[in-house]
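J.: Starting off with a structure, shown below.
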Amino acid sequence: MRPSSVLVTVLVVLTLFGGLAPPIAEPVSAEPVKPTQIHIDTFTDGSVELIGLADQFANLEAELLIPAGSQVLQASLNVSRVRYEVTDIPLDATPKAMWCGDLDHDRFYDDIIIGYQEEGRVDVLILEEDPLRLVTQWSMDVPDVMAVIVDDLDRDNDKDIIVASGSEGKVYVFEALTFFTFADPVIIPVGPRPSALVAQDLNPDFKRDIVVANTGGSSITILQGRGDMTFYPKRVEVGRGPSAVSVWDMDEDYDNDLVIAESRNDTISIMYNEGNGNFSNTTTLATGPGLVDVDVRRVNGDSLADITAICAGDDRIYVFTQRSDGSFETSEVLEVGRAPRDVRGLHINRADDNNMDLVAACSGSDNLTIYLAGGDLRHTIPLDVPVAGRPVAVGFLRGGLNEDDALLALCQMPPTLSIALPRNLADDIELGFGPGGRENVQDLPRGSEGGRFDLISGLTNYIERHKSEARFGELVVHLEARASNPGWLRLHDLEVWVKINRPPRADAGRNVTVLVGEPAELNGSTSYDPDGGFIEFLWLLPGDVNPSHMDRVSLHVFNEPGTYMILLVVVDPWGLQDQDVTYVRVNAPPVAKGTVPASVNALEPTRLSAHLSEDPDGSIVDYIWDYSQGVVHGRTVDVIFTGEGTWNVTLEVVDDQGARTLATWQVEVLPSRVPLRDPAEHIPADQGEVPGAGAIGCAMALICGAGLAGIHRRRRN
C-alpha cells in the first residue's frame, strides 16, 4: 500500500472514531463586543401614547421595558392636559368631504353630510346619543365627490345641498323639499376638477351665488343664482390650481370679496368685488410650499378680516393679519402635524375667552393640531388631539354656550368619524417613578397645556435602585402622572435611547479526564463580562436542579466511571446570562493481576503471566514487567533470573485512557540446578610452548599436499 493511501485511511478512521467521542467545548472568544444602542419609543403594552383620568383616587400609570443594566443616553416624555375625549364611529366607505351643523332647524347642531368619493355617494345623517351613532336620513348619487356645502339657494328657508363632482367637472345642486328629502339634482358644468365650494351673495341681489374652485385648471366658476334653482355660470381666470376659496368683505365696503388659495403657485389671491359681482384689484400673498386651504376670520381681535392659510409642503399655518390700510403682514407661522389638509378658525374655548382659535386636520400624523389664542390674541398654546388615521376634514358641533365645543374629524384610514368631546382640565400635574410616582418627581408649570419631561436622571436612578427586580434581562420601569386638580392627561412622544448591558460570556474550559475518586477541576476562569461587571458562576452537574458549585474554579469528585456533561451558567448583576458545557471523562483504573511463581531456580526460564488483569471501562494497552534484573513488555513473558536471593517482580498495566496500576510480588531465586561445566570433563595439562609461525606454515603445506594426493587417486580409480 502506498504511503498516501495509508495516510488517507488513518484520517478516515480517526474521523469516524472521533465522531463517537464527546464534543469538545471550544472556549468563547474574548474579543470585546461593540456597544449597542437601542431606541425605545413605545410603552410596555405596545402603545405610543396613554390617555386617562388623573384624580385623587387614581393616577395615569405607564410602564417602560428597559434592558436590564442599560446606560441611559437620552430620555424624555411629553405630558399634556387632555381637553377632549375622542370617540370613533366607523363608516362603511372611505370619506372625502363633510359638512356639519343644523340642517333641520331643530336648533341642535347634530346634522352631518358626508361625501364618499370612490362610492359616488352623499349621505345625510343625524348624530344620535346614548349610544353615540350615525343614522342615515337620505342618500344621493354623485360621481367622484370632492366637496359638499349647504345653503338656502331658493329662499324657502330650507337648506339645499351643493356637491362638486371632480371627474365630471360639474356641480350637483339638490333642492330640499322637506328637512330630509331632496329633489333630483340640477347638474351644472363648471371647470376641470372642481374641489372647493362656497355660497354667498356676490352681486348683491339677495340671491345666493356659488363659487367653485376648479383645481384642475386656473379658474373659478361663479354660478350666479336667480333664486329659482337656476344659475348663470361665469368663468374667472385666477392662478394655477385653485384648491380653496373663501368669501368675506375684506375691504369693508359691504361687498363680498374672494380669497383664493392657488396651490400650484403657493400664493393667496384676494379679488375685490366691484359691487356688481365683477372682481378687480387683486392682492397676492406668498405662502409656504404646498398651499392646500385658506380660512378668513377676525383672528387678532380687531374689526379687520385676517387670513389663515395651511401648507402641506412645510406643515405650517400662516396667519396674515390685515392692517388699517388694507395691506397684510405675516403675523404668525405655526408648526402643525404632518401633511395638513384643512384649517378652521373656531371658538374652541368660548367659555374661557372669546378669542379665535385655529384647528388643523393633519392626515400624515393622524391628529388635530389646535392653537389656542392667549391673552395677547396670539396663538401660543398648542394642543394635540389624536384621532383615527388620515383626517382630511374638520368640523364642529356648537354647544349650549355657543362655543364650538365638539370637534369632528373625517378620517380615511380606517373610514371613521372621530368626535372629540371636551373634558375637564387637569392642573397641578406631576410625573414620577415607582409606585405612586414618588421617585424623582417633576412638576408641570401650573396652567400649562403640556410639557416635555427630561427622564435621564430619574430613569438612571430607577434602573440602579431596582436592578434586583430585573427578570430575564429586562427591567419594568414604572411611571405615574398625577394631578391635584383632576382631569385627563396624555403621555406621548416617548423618546429613550440606551446603551444596553451586554450579556456575559461563559467558557467552561476544556474537557478533562480523571480517575474515579480523583478531583476533577471545573475551570471557568476565561468567562467574562464585556461590560466589566461581576459575574456569578453556577455549575450544574447531571441531575442537578440547583448548582453544585458556585466558584470560578471548583473541584468535584466522581465516584462512578463515565462521561459527564457539566453545564456552566454565568449571570451578570442584571440577570443576563450565558452558558457553556464541558465534559469530564471519569476513568476506572485497570486491575493488575498476575501469575508469578514464589520461587524459581537461577538460570532457568520463568513464565510471568498477566492474563487475569482487566479494565472495567475500557481495555489494557500495555503490560510492563520489572523483575529487578530487567524490564519486558507483554501480557505473558519468559524471563531468566541469574542471581540468587529474593527479588521484586512488579507488573504495571496501562489502560486506553492512560491510567496505570501496579502489582508487586517477591520471588525467591534458588541456586541453579544446571552446572557451568560437566564434572567428568578433564582439563589437559600444559604440553609445552605454542608452535611458531614457521611450524604452522609447514604443517599447513603438508595437509594441503596430502589432500591433493587423495584427490588424484580417486580420479585414477
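In the C-alpha cells, chains take letters A, B, ... by order of appearance, with residues numbered from 1 within each chain and ligands from 1 in the order shown.
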What lies within 10 Å of region 376-387 of chain A using only C-alpha atoms, ignoring chain neighbours under 5 positions off, as a PyMOL selection string?

T.: chain A and resi 49+80-88+299-301+319+331-337+354-363+365-371+407-411+416-420+448-450+490

J.: A:Gly658, A:Ala483, A:Ile51, A:Arg264: which is nearest Ser218 (chain A), counting only C-alpha atoms?

T.: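 Between A:Gly658, A:Ala483, A:Ile51, A:Arg264, the residue approaching Ser218 (chain A) most closely is A:Arg264.
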
J.: So, with only C-alpha atoms as the atoms that count, which of A:Ala388, A:Leu515, A:Val48, A:Leu291 lies closest to Leu91 (chain A)?

T.: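 The answer is A:Ala388, which sits nearest to Leu91 (chain A).
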
J.: Quick one: residues within 10 Å of Met565 (chain A), only C-alpha atoms, excluding same-chain residues fewer than 2 positions away - as a ChimeraX atom specification?

T.: /A:22-23,511,540-542,562-563,567-568,581-585
